[in-house]
file my_file16.cif (mmCIF, C-alpha atoms and all ligand atoms)
data_coords
#
loop_
_atom_site.label_atom_id
_atom_site.label_comp_id
_atom_site.auth_asym_id
_atom_site.auth_seq_id
_atom_site.Cartn_x
_atom_site.Cartn_y
_atom_site.Cartn_z
CA MET A 121 0.00 0.00 0.00
CA LEU A 122 1.01 3.56 -0.39
CA GLU A 123 3.01 5.21 2.26
CA ASN A 124 2.33 8.32 4.22
CA LYS A 125 5.64 10.14 4.41
CA PRO A 126 5.85 13.03 6.83
CA GLY A 127 5.71 16.35 4.99
CA TYR A 128 4.78 14.73 1.69
CA LYS A 129 2.31 16.71 -0.40
CA SER A 130 -0.24 15.35 -2.78
CA GLY A 131 -3.41 16.30 -4.52
CA PHE A 132 -5.49 16.65 -7.61
CA VAL A 133 -5.33 19.20 -10.37
CA ALA A 134 -8.04 19.48 -13.00
CA ILE A 135 -6.80 20.57 -16.36
CA ILE A 136 -9.23 22.26 -18.68
CA GLY A 137 -9.14 24.29 -21.82
CA ARG A 138 -10.51 24.32 -25.29
CA PRO A 139 -9.30 21.81 -27.88
CA ASN A 140 -5.85 22.52 -29.25
CA ALA A 141 -4.74 24.59 -26.28
CA GLY A 142 -1.94 22.10 -25.76
CA LYS A 143 -3.15 19.92 -22.89
CA SER A 144 -1.75 16.71 -24.36
CA THR A 145 1.56 18.33 -25.18
CA PHE A 146 1.76 19.64 -21.64
CA LEU A 147 0.98 16.28 -20.09
CA ASN A 148 3.36 14.46 -22.39
CA ARG A 149 6.11 16.77 -21.35
CA VAL A 150 5.39 16.19 -17.71
CA VAL A 151 5.15 12.48 -18.44
CA GLY A 152 8.43 12.63 -20.29
CA GLN A 153 10.06 13.86 -17.16
CA LYS A 154 8.74 12.29 -14.05
CA ILE A 155 5.37 10.89 -14.68
CA ALA A 156 3.70 7.59 -15.20
CA ILE A 157 1.26 7.48 -18.08
CA MET A 158 -2.12 6.13 -17.30
CA SER A 159 -3.33 3.00 -18.99
CA ASP A 160 -5.25 3.43 -22.21
CA LYS A 161 -7.95 0.95 -21.36
CA PRO A 162 -11.41 2.05 -22.40
CA GLN A 163 -13.23 3.81 -19.66
CA THR A 164 -16.82 3.87 -18.71
CA THR A 165 -16.71 7.56 -18.07
CA ARG A 166 -14.81 10.37 -19.61
CA ASN A 167 -13.42 11.47 -16.31
CA LYS A 168 -9.87 10.30 -16.53
CA VAL A 169 -6.70 10.54 -14.65
CA GLN A 170 -4.41 11.84 -17.34
CA GLY A 171 -1.11 11.66 -15.65
CA VAL A 172 0.67 11.55 -12.36
CA TYR A 173 3.67 13.68 -11.59
CA THR A 174 5.72 12.26 -8.78
CA THR A 175 8.77 13.63 -7.03
CA ASP A 176 10.32 12.90 -3.66
CA GLU A 177 8.35 15.75 -2.15
CA ALA A 178 5.02 15.66 -3.87
CA GLN A 179 2.60 13.96 -6.18
CA ILE A 180 0.23 15.77 -8.52
CA VAL A 181 -2.57 13.76 -10.06
CA PHE A 182 -3.83 15.53 -13.18
CA ILE A 183 -7.39 14.81 -14.04
CA ASP A 184 -9.64 15.59 -16.92
CA THR A 185 -13.04 17.03 -16.18
CA PRO A 186 -15.79 15.47 -18.23
CA GLY A 187 -18.13 17.86 -19.85
CA ILE A 188 -16.40 21.04 -18.91
CA ASN A 189 -15.57 21.94 -22.47
CA GLU A 190 -18.96 21.14 -23.87
CA PRO A 191 -21.59 23.67 -24.68
CA ARG A 192 -24.23 23.72 -22.00
CA HIS A 193 -27.01 22.41 -24.21
CA LYS A 194 -25.07 19.25 -24.98
CA LEU A 195 -24.39 18.56 -21.37
CA GLY A 196 -26.89 16.60 -19.35
CA ASP A 197 -27.61 17.89 -15.89
CA PHE A 198 -25.92 14.84 -14.54
CA MET A 199 -22.63 15.41 -16.32
CA LEU A 200 -22.71 19.03 -15.37
CA LYS A 201 -23.07 18.00 -11.78
CA VAL A 202 -20.23 15.51 -12.08
CA ALA A 203 -18.05 18.18 -13.64
CA LYS A 204 -18.81 20.66 -10.91
CA ASN A 205 -18.30 18.06 -8.20
CA THR A 206 -14.96 17.18 -9.71
CA LEU A 207 -13.90 20.80 -9.73
CA ARG A 208 -14.93 21.19 -6.13
CA GLY A 209 -12.94 18.16 -5.10
CA VAL A 210 -9.60 19.17 -6.60
CA ASP A 211 -6.84 21.24 -5.07
CA ALA A 212 -6.24 23.44 -8.08
CA ILE A 213 -7.60 24.02 -11.55
CA ILE A 214 -5.55 24.88 -14.61
CA LEU A 215 -7.23 26.70 -17.43
CA MET A 216 -4.91 26.19 -20.35
CA VAL A 217 -5.23 28.60 -23.25
CA ASP A 218 -3.47 29.07 -26.55
CA SER A 219 -1.85 32.49 -26.16
CA THR A 220 -2.00 33.11 -29.89
CA ASP A 221 -5.80 33.08 -29.75
CA ARG A 222 -8.09 35.73 -28.44
CA ILE A 223 -10.49 34.90 -25.67
CA GLY A 224 -13.42 33.15 -27.29
CA LYS A 225 -16.91 31.91 -26.66
CA GLN A 226 -15.70 28.58 -25.36
CA ASP A 227 -13.30 30.22 -22.91
CA ARG A 228 -16.15 32.37 -21.65
CA TYR A 229 -18.30 29.31 -21.23
CA ILE A 230 -15.59 27.66 -19.14
CA LEU A 231 -15.00 30.80 -17.07
CA ASP A 232 -18.69 31.08 -16.49
CA MET A 233 -18.73 27.55 -15.17
CA LEU A 234 -15.78 28.31 -12.89
CA GLU A 235 -17.40 31.40 -11.46
CA GLY A 236 -17.86 31.05 -7.74
CA THR A 237 -15.56 28.06 -7.35
CA GLU A 238 -13.43 28.20 -4.24
CA THR A 239 -10.69 26.12 -5.79
CA PRO A 240 -7.79 28.26 -7.03
CA VAL A 241 -7.81 28.61 -10.81
CA TYR A 242 -4.53 29.24 -12.63
CA LEU A 243 -4.44 30.69 -16.10
CA VAL A 244 -1.76 28.85 -18.03
CA MET A 245 -0.89 30.71 -21.20
CA ASN A 246 0.63 28.17 -23.50
CA LYS A 247 2.60 28.52 -26.75
CA ILE A 248 4.54 31.59 -25.67
CA ASP A 249 7.22 30.57 -28.15
CA LEU A 250 4.85 31.72 -30.89
CA ILE A 251 3.95 35.11 -29.62
CA HIS A 252 5.45 38.54 -29.01
CA PRO A 253 5.45 39.52 -25.31
CA ASP A 254 3.28 42.58 -25.97
CA LYS A 255 0.60 40.47 -27.55
CA LEU A 256 0.88 38.02 -24.67
CA VAL A 257 0.13 40.77 -22.18
CA SER A 258 -2.90 41.92 -24.09
CA VAL A 259 -4.35 38.40 -24.30
CA MET A 260 -3.57 37.88 -20.62
CA GLU A 261 -5.38 41.06 -19.69
CA SER A 262 -8.44 40.08 -21.65
CA PHE A 263 -8.68 36.91 -19.58
CA GLN A 264 -7.97 38.67 -16.31
CA ALA A 265 -10.72 41.14 -17.06
CA GLU A 266 -13.20 38.29 -16.94
CA PHE A 267 -11.99 36.18 -14.05
CA SER A 268 -10.01 36.47 -10.88
CA PHE A 269 -7.21 33.93 -11.30
CA ALA A 270 -5.04 32.70 -8.45
CA GLY A 271 -2.09 33.19 -10.78
CA VAL A 272 -1.06 33.47 -14.41
CA ILE A 273 1.77 31.35 -15.76
CA PRO A 274 2.99 31.66 -19.34
CA ILE A 275 4.57 28.47 -20.67
CA SER A 276 5.61 26.70 -23.79
CA ALA A 277 4.59 23.10 -23.39
CA LEU A 278 6.37 22.31 -26.63
CA GLU A 279 9.71 23.80 -25.71
CA GLY A 280 9.45 23.41 -21.98
CA ASN A 281 9.70 27.04 -20.94
CA ASN A 282 8.47 27.77 -17.44
CA MET A 283 7.19 24.23 -16.88
CA GLU A 284 9.13 23.93 -13.67
CA LYS A 285 7.62 27.15 -12.36
CA LEU A 286 4.15 25.85 -13.07
CA LEU A 287 4.80 22.54 -11.34
CA VAL A 288 6.25 24.30 -8.31
CA THR A 289 3.25 26.65 -8.14
CA LEU A 290 0.90 23.70 -8.23
CA THR A 291 2.90 21.76 -5.68
CA ASN A 292 2.69 24.71 -3.30
CA GLN A 293 -1.04 24.53 -3.59
CA LEU A 294 -1.25 20.91 -2.44
CA PRO A 295 -2.04 19.83 1.08
CA GLU A 296 0.05 17.32 2.92
CA GLY A 297 -1.01 13.90 1.86
CA PRO A 298 -0.03 10.40 0.88
CA GLN A 299 1.49 9.24 -2.34
CA TYR A 300 -1.61 7.93 -4.07
CA TYR A 301 0.22 6.19 -6.84
CA PRO A 302 3.50 4.37 -6.70
CA ALA A 303 6.05 6.40 -8.62
CA ASP A 304 6.54 3.79 -11.29
CA GLN A 305 3.28 1.94 -11.48
CA VAL A 306 -0.25 3.10 -11.89
CA THR A 307 -3.72 1.80 -12.15
CA ASP A 308 -6.59 3.92 -13.13
CA HIS A 309 -10.12 3.41 -11.93
CA PRO A 310 -11.58 6.86 -12.25
CA GLU A 311 -15.16 5.74 -12.02
CA ARG A 312 -14.61 4.86 -8.38
CA PHE A 313 -14.16 8.50 -7.59
CA ILE A 314 -17.39 9.57 -9.21
CA ILE A 315 -19.35 6.72 -7.70
CA SER A 316 -18.11 7.50 -4.22
CA GLU A 317 -19.01 11.14 -4.77
CA LEU A 318 -22.48 10.21 -5.92
CA ILE A 319 -23.12 8.15 -2.81
CA ARG A 320 -21.64 10.79 -0.56
CA GLU A 321 -23.81 13.43 -2.13
CA LYS A 322 -26.99 11.44 -1.49
CA ILE A 323 -26.04 10.93 2.15
CA LEU A 324 -25.32 14.60 2.69
CA HIS A 325 -28.53 15.51 0.98
CA LEU A 326 -30.67 13.19 3.05
CA THR A 327 -29.01 13.86 6.39
CA HIS A 328 -28.84 17.65 6.04
CA GLU A 329 -26.54 19.21 8.59
CA GLU A 330 -26.24 16.25 10.94
CA ILE A 331 -23.44 14.54 9.09
CA PRO A 332 -20.22 16.42 8.54
CA HIS A 333 -18.77 16.68 5.09
CA SER A 334 -15.79 14.68 6.22
CA ILE A 335 -17.71 11.45 5.72
CA ALA A 336 -15.89 9.11 3.36
CA VAL A 337 -17.22 6.62 0.88
CA VAL A 338 -14.86 3.88 -0.14
CA ILE A 339 -15.68 1.85 -3.22
CA GLU A 340 -14.53 -1.64 -2.42
CA LYS A 341 -15.50 -3.40 -5.58
CA ILE A 342 -16.95 -2.82 -9.01
CA LYS A 343 -17.51 -6.10 -10.74
CA ARG A 344 -19.78 -7.49 -13.41
CA ASP A 345 -21.97 -10.35 -12.23
CA GLU A 346 -21.95 -12.83 -15.08
CA ASP A 347 -25.18 -14.46 -13.85
CA ASN A 348 -27.47 -11.50 -14.24
CA ASN A 349 -25.27 -9.13 -16.20
CA LYS A 350 -25.49 -6.48 -13.51
CA ILE A 351 -22.55 -4.54 -12.21
CA ARG A 352 -22.08 -5.11 -8.52
CA VAL A 353 -20.81 -2.09 -6.63
CA SER A 354 -19.74 -2.54 -3.03
CA ALA A 355 -19.19 0.53 -0.93
CA THR A 356 -18.23 1.25 2.64
CA ILE A 357 -19.41 4.46 4.20
CA MET A 358 -16.99 5.60 6.84
CA VAL A 359 -18.12 7.78 9.69
CA GLU A 360 -16.20 8.93 12.70
CA ARG A 361 -18.71 8.26 15.47
CA GLU A 362 -21.21 5.60 16.46
CA SER A 363 -23.99 8.23 16.57
CA GLN A 364 -23.30 9.10 12.94
CA LYS A 365 -23.59 5.49 11.98
CA GLY A 366 -27.11 5.45 13.38
CA ILE A 367 -28.05 8.55 11.43
CA VAL A 368 -26.72 7.21 8.15
CA ILE A 369 -28.52 3.90 8.55
CA GLY A 370 -31.75 5.51 9.75
CA LYS A 371 -34.76 3.88 11.39
CA LYS A 372 -34.86 0.26 10.34
CA GLY A 373 -32.36 1.09 7.62
CA ALA A 374 -34.72 3.51 5.92
CA LEU A 375 -32.23 6.24 5.24
CA LEU A 376 -29.54 4.00 3.86
CA LYS A 377 -32.12 2.36 1.67
CA GLU A 378 -33.13 5.71 0.22
CA VAL A 379 -29.47 6.61 -0.33
CA GLY A 380 -29.13 3.32 -2.18
CA ILE A 381 -32.15 3.91 -4.40
CA ARG A 382 -31.00 7.39 -5.39
CA ALA A 383 -27.33 6.56 -5.80
CA ARG A 384 -28.06 3.44 -7.82
CA LYS A 385 -30.05 5.44 -10.35
CA ASP A 386 -27.13 7.79 -10.94
CA ILE A 387 -24.55 5.01 -11.01
CA GLU A 388 -26.61 3.14 -13.60
CA MET A 389 -26.60 6.23 -15.77
CA LEU A 390 -22.90 6.62 -15.32
CA LEU A 391 -21.99 3.03 -16.10
CA GLY A 392 -24.73 2.45 -18.66
CA SER A 393 -25.72 -0.82 -17.03
CA SER A 394 -28.03 -2.04 -14.31
CA VAL A 395 -26.33 -2.02 -10.97
CA PHE A 396 -26.56 -3.91 -7.74
CA LEU A 397 -25.37 -1.59 -5.00
CA GLU A 398 -24.41 -2.88 -1.58
CA MET A 399 -23.28 -0.59 1.20
CA TRP A 400 -21.92 -0.92 4.70
CA VAL A 401 -21.49 1.73 7.33
CA LYS A 402 -18.37 1.59 9.40
CA VAL A 403 -17.16 3.68 12.29
CA GLN A 404 -13.54 4.50 11.97
CA LYS A 405 -12.09 7.14 14.20
CA ASP A 406 -9.62 9.37 12.46
CA TRP A 407 -10.22 7.70 9.15
CA ARG A 408 -8.55 10.59 7.53
CA ASN A 409 -5.24 9.56 8.94
CA LYS A 410 -5.59 6.01 7.86
CA SER A 411 -4.41 4.63 4.63
CA THR A 412 -7.89 3.43 3.69
CA HIS A 413 -8.80 7.03 3.20
CA LEU A 414 -6.90 6.96 -0.04
CA ARG A 415 -9.56 4.89 -1.56
CA ASP A 416 -12.03 7.65 -0.94
CA PHE A 417 -10.53 9.17 -4.02
CA GLY A 418 -11.11 6.04 -5.97
CA PHE A 419 -7.57 4.82 -5.99
CA ARG A 420 -6.36 1.44 -5.06
CA GLU A 421 -3.63 -0.70 -6.27
CA ASP A 422 -5.44 -3.91 -7.12
CA GLU A 423 -7.32 -4.75 -10.28
CA TYR A 424 -10.91 -5.77 -10.60
N1 LIG A 501 4.45 26.23 -30.83
C1 LIG A 501 3.83 25.55 -29.89
N2 LIG A 501 2.94 24.62 -30.23
C2 LIG A 501 2.31 23.94 -29.26
C3 LIG A 501 2.59 24.15 -27.88
N3 LIG A 501 1.81 23.31 -27.17
C4 LIG A 501 1.09 22.60 -28.04
N4 LIG A 501 1.38 22.97 -29.31
C5 LIG A 501 0.81 22.45 -30.55
O1 LIG A 501 -0.58 22.74 -30.56
C6 LIG A 501 -1.30 21.66 -31.16
C7 LIG A 501 -2.37 21.15 -30.19
O2 LIG A 501 -1.73 20.60 -29.05
P1 LIG A 501 -2.36 19.41 -28.21
O3 LIG A 501 -1.44 19.15 -27.10
O4 LIG A 501 -2.76 18.29 -29.09
O5 LIG A 501 -3.66 20.15 -27.69
P2 LIG A 501 -4.84 19.58 -26.77
O6 LIG A 501 -5.29 20.73 -25.95
O7 LIG A 501 -4.44 18.34 -26.08
O8 LIG A 501 -5.91 19.30 -27.83
P3 LIG A 501 -7.15 18.31 -27.73
O9 LIG A 501 -6.56 16.94 -27.67
O10 LIG A 501 -7.88 18.61 -29.00
O11 LIG A 501 -7.88 18.71 -26.49
C8 LIG A 501 -0.25 20.63 -31.53
O12 LIG A 501 0.08 20.80 -32.87
C9 LIG A 501 0.92 20.96 -30.64
O13 LIG A 501 2.16 20.58 -31.18
C10 LIG A 501 3.56 25.15 -27.56
O14 LIG A 501 3.88 25.42 -26.41
N5 LIG A 501 4.14 25.80 -28.59
#

call {"tool": "encode", "arguments": {"input": "my_file16.cif", "output": "structure tokens"}}
result
Amino acid sequence: MLENKPGYKSGFVAIIGRPNAGKSTFLNRVVGQKIAIMSDKPQTTRNKVQGVYTTDEAQIVFIDTPGINEPRHKLGDFMLKVAKNTLRGVDAIILMVDSTDRIGKQDRYILDMLEGTETPVYLVMNKIDLIHPDKLVSVMESFQAEFSFAGVIPISALEGNNMEKLLVTLTNQLPEGPQYYPADQVTDHPERFIISELIREKILHLTHEEIPHSIAVVIEKIKRDEDNNKIRVSATIMVERESQKGIVIGKKGALLKEVGIRARKDIEMLLGSSVFLEMWVKVQKDWRNKSTHLRDFGFREDEY
């Protein structure tokens, strides 16, 4: 299992931007240096871990945000919710733009979506090798006029300029945390993250203020049942106190049952299959300090 080194930093960075901004070039460059590329296996959702940057001090997990680049009319409410949930759950957001382009409709759509987010958003101005500094400043200002960025970092993903600065800026943004992925080996089960978020959301919704947001949902298993062609999802809901366990389960299990009904509907939409959802509630004091917490983010080292 993954270690918790004292002082180690880790977290998630969502990378967004319109097509051609240079996201792949950026990730490839990071990959080329110190990253493990994620497997190419087909995924049930478009929310993918795109790359992991690992050093001795920190690990940045770059993730794609499904739906964020799509026009609103194309985006179902569900995907919009997933996208917004993803953005809320990350430690930083990169908006990557092509500095040779003016701010456009699609950028405005993305900025609109980011409005009000508490996660720091960095404007990464790519392709500076192609542009005169004066022009760069004018494009930068047009973006800054529309959004309050946590920082602006001009880079050339192709030539590597300023990449280090960007990675350091992002690293500074990360909380202390475990190394989610081994430096040299990765597995990628992004749907776990969304599923755990869906379940967590239903619990928070149904329990109102009584259950703190620190509740964790660990997806233990996602497996197709050959007998009935359903996907079996097993989840453990971790709470910190016995009293919370009672609340989550509800009278005669009523609340947990309702959570199950609602979550299953969403998970079925997500996976495009009927789902059998089983859930347990477990009291674990200080779960946040325990290694199992890692799985809250949908990461574990074994295959299913
Ligand atoms: N000159 C220059 N070209 C770049 C830079 N970064 C990316 N490009 C080029 O821009 C084009 C698009 O880059 P990609 O990395 O494929 O862009 P993307 O954002 O991943 O695009 P999608 O996959 O469509 O989302 C490619 O031809 C890259 O070689 C850069 O820093 N400088």

call {"tool": "atom_distance", "arguments": {"input": "my_file16.cif", "atom1": "atom CA of A:Val257", "atom2": "atom CA of A:Ser276"}}
result
15.2 Å

call {"tool": "residues_near_ligand", "arguments": {"input": "my_file16.cif", "ligand": "ligand LIG 501 (chain A)", "cutoff": "10 Å", "atoms": "only C-alpha atoms and all ligand atoms", "output": "ChimeraX atom specification"}}
result
/A:135-149,189,216-220,245-251,274-281

call {"tool": "atom_distance", "arguments": {"input": "my_file16.cif", "atom1": "atom CA of A:Gly224", "atom2": "atom CA of A:Lys255"}}
result
15.8 Å

call {"tool": "closest_residue", "arguments": {"input": "my_file16.cif", "among": "A:Thr206, A:Ser393, A:Thr291, A:Ser268", "to": "A:Gly236", "atoms": "all atoms listed in the file"}}
result
A:Ser268

call {"tool": "closest_residue", "arguments": {"input": "my_file16.cif", "among": "A:Gln299, A:Asn292, A:Gln404, A:Gln179", "to": "A:Glu362", "atoms": "only C-alpha atoms"}}
result
A:Gln404

call {"tool": "atom_distance", "arguments": {"input": "my_file16.cif", "atom1": "atom CA of A:Thr239", "atom2": "atom CA of A:Glu321"}}
result
18.6 Å

call {"tool": "closest_residue", "arguments": {"input": "my_file16.cif", "among": "A:Ile331, A:Leu231, A:Ala355, A:Leu326", "to": "A:Val379", "atoms": "all atoms listed in the file"}}
result
A:Leu326

call {"tool": "closest_residue", "arguments": {"input": "my_file16.cif", "among": "A:Val272, A:Val368, A:Leu287, A:Leu391", "to": "A:Arg344", "atoms": "only C-alpha atoms"}}
result
A:Leu391

call {"tool": "residues_near_point", "arguments": {"input": "my_file16.cif", "point": "(-16.8, -0.7, -8.2)", "cutoff": "7 Å", "atoms": "only C-alpha atoms", "output": "PyMOL selection string"}}
result
chain A and resi 312+339-343+352-354

call {"tool": "write_last_selection", "arguments": {"input": "my_file16.cif", "atoms": "C-alpha atoms", "output": "PDB file, keeping the file's coordinate frame"}}
result
ATOM      1  CA  ARG A 312     -14.610   4.860  -8.380  1.00  0.00           C
ATOM      2  CA  ILE A 339     -15.680   1.850  -3.220  1.00  0.00           C
ATOM      3  CA  GLU A 340     -14.530  -1.640  -2.420  1.00  0.00           C
ATOM      4  CA  LYS A 341     -15.500  -3.400  -5.580  1.00  0.00           C
ATOM      5  CA  ILE A 342     -16.950  -2.820  -9.010  1.00  0.00           C
ATOM      6  CA  LYS A 343     -17.510  -6.100 -10.740  1.00  0.00           C
ATOM      7  CA  ARG A 352     -22.080  -5.110  -8.520  1.00  0.00           C
ATOM      8  CA  VAL A 353     -20.810  -2.090  -6.630  1.00  0.00           C
ATOM      9  CA  SER A 354     -19.740  -2.540  -3.030  1.00  0.00           C
TER      10      SER A 354
END

call {"tool": "axis_aligned_box", "arguments": {"input": "my_file16.cif", "around": "stretch 342-353 of chain A", "padding_each_side": "6 Å", "output": "lines of an AutoDock Vina configuration file"}}
result
center_x = -22.2
center_y = -8.3
center_z = -11.4
size_x = 22.5
size_y = 24.4
size_z = 21.6

call {"tool": "closest_residue", "arguments": {"input": "my_file16.cif", "among": "A:Val288, A:Met399, A:Val133, A:Leu375", "to": "A:Gly209", "atoms": "all atoms listed in the file"}}
result
A:Val133

call {"tool": "closest_residue", "arguments": {"input": "my_file16.cif", "among": "A:Gln364, A:Thr289, A:Thr174, A:Asn349", "to": "A:Thr327", "atoms": "all atoms listed in the file"}}
result
A:Gln364

call {"tool": "residues_around", "arguments": {"input": "my_file16.cif", "residues": "A:Lys385", "least_positions_apart": "4", "cutoff": "12 Å", "atoms": "all atoms listed in the file", "output": "ChimeraX atom specification"}}
result
/A:198,315,318-319,322,378-381,389-397

call {"tool": "build_atoms", "arguments": {"input": "my_file16.cif", "residues": "stretch 346-366 of chain A", "atoms": "N, CA and C atoms", "output": "tab-separated table (two decimals), in the coordinates of the input"}}
result
chain	number	residue	atom	x	y	z
A	346	GLU	N	-21.67	-12.15	-13.81
A	346	GLU	CA	-21.95	-12.83	-15.08
A	346	GLU	C	-23.37	-13.40	-15.10
A	347	ASP	N	-23.87	-13.82	-13.93
A	347	ASP	CA	-25.18	-14.46	-13.85
A	347	ASP	C	-26.32	-13.58	-14.37
A	348	ASN	N	-26.33	-12.35	-13.89
A	348	ASN	CA	-27.47	-11.50	-14.24
A	348	ASN	C	-27.06	-10.27	-15.04
A	349	ASN	N	-25.79	-10.23	-15.40
A	349	ASN	CA	-25.27	-9.13	-16.20
A	349	ASN	C	-25.43	-7.76	-15.54
A	350	LYS	N	-25.46	-7.76	-14.21
A	350	LYS	CA	-25.49	-6.48	-13.51
A	350	LYS	C	-24.07	-6.15	-13.04
A	351	ILE	N	-23.82	-4.89	-12.82
A	351	ILE	CA	-22.55	-4.54	-12.21
A	351	ILE	C	-22.77	-4.41	-10.71
A	352	ARG	N	-21.96	-5.14	-9.97
A	352	ARG	CA	-22.08	-5.11	-8.52
A	352	ARG	C	-21.11	-4.08	-7.97
A	353	VAL	N	-21.65	-3.12	-7.24
A	353	VAL	CA	-20.81	-2.09	-6.63
A	353	VAL	C	-20.89	-2.24	-5.12
A	354	SER	N	-19.75	-2.44	-4.49
A	354	SER	CA	-19.74	-2.54	-3.03
A	354	SER	C	-19.05	-1.32	-2.45
A	355	ALA	N	-19.73	-0.70	-1.50
A	355	ALA	CA	-19.19	0.53	-0.93
A	355	ALA	C	-19.23	0.49	0.58
A	356	THR	N	-18.21	1.06	1.19
A	356	THR	CA	-18.23	1.25	2.64
A	356	THR	C	-18.31	2.73	2.94
A	357	ILE	N	-19.26	3.07	3.79
A	357	ILE	CA	-19.41	4.46	4.20
A	357	ILE	C	-18.71	4.60	5.54
A	358	MET	N	-17.74	5.47	5.60
A	358	MET	CA	-16.99	5.60	6.84
A	358	MET	C	-17.43	6.86	7.58
A	359	VAL	N	-17.78	6.64	8.84
A	359	VAL	CA	-18.12	7.78	9.69
A	359	VAL	C	-17.18	7.75	10.89
A	360	GLU	N	-17.18	8.86	11.60
A	360	GLU	CA	-16.20	8.93	12.70
A	360	GLU	C	-16.79	8.53	14.05
A	361	ARG	N	-18.11	8.57	14.17
A	361	ARG	CA	-18.71	8.26	15.47
A	361	ARG	C	-19.89	7.30	15.34
A	362	GLU	N	-20.11	6.57	16.41
A	362	GLU	CA	-21.21	5.60	16.46
A	362	GLU	C	-22.56	6.30	16.19
A	363	SER	N	-22.72	7.51	16.73
A	363	SER	CA	-23.99	8.23	16.57
A	363	SER	C	-24.24	8.54	15.08
A	364	GLN	N	-23.15	8.80	14.37
A	364	GLN	CA	-23.30	9.10	12.94
A	364	GLN	C	-23.71	7.85	12.16
A	365	LYS	N	-23.23	6.75	12.64
A	365	LYS	CA	-23.59	5.49	11.98
A	365	LYS	C	-25.11	5.30	12.04
A	366	GLY	N	-25.67	5.56	13.21
A	366	GLY	CA	-27.11	5.45	13.38
A	366	GLY	C	-27.87	6.37	12.44
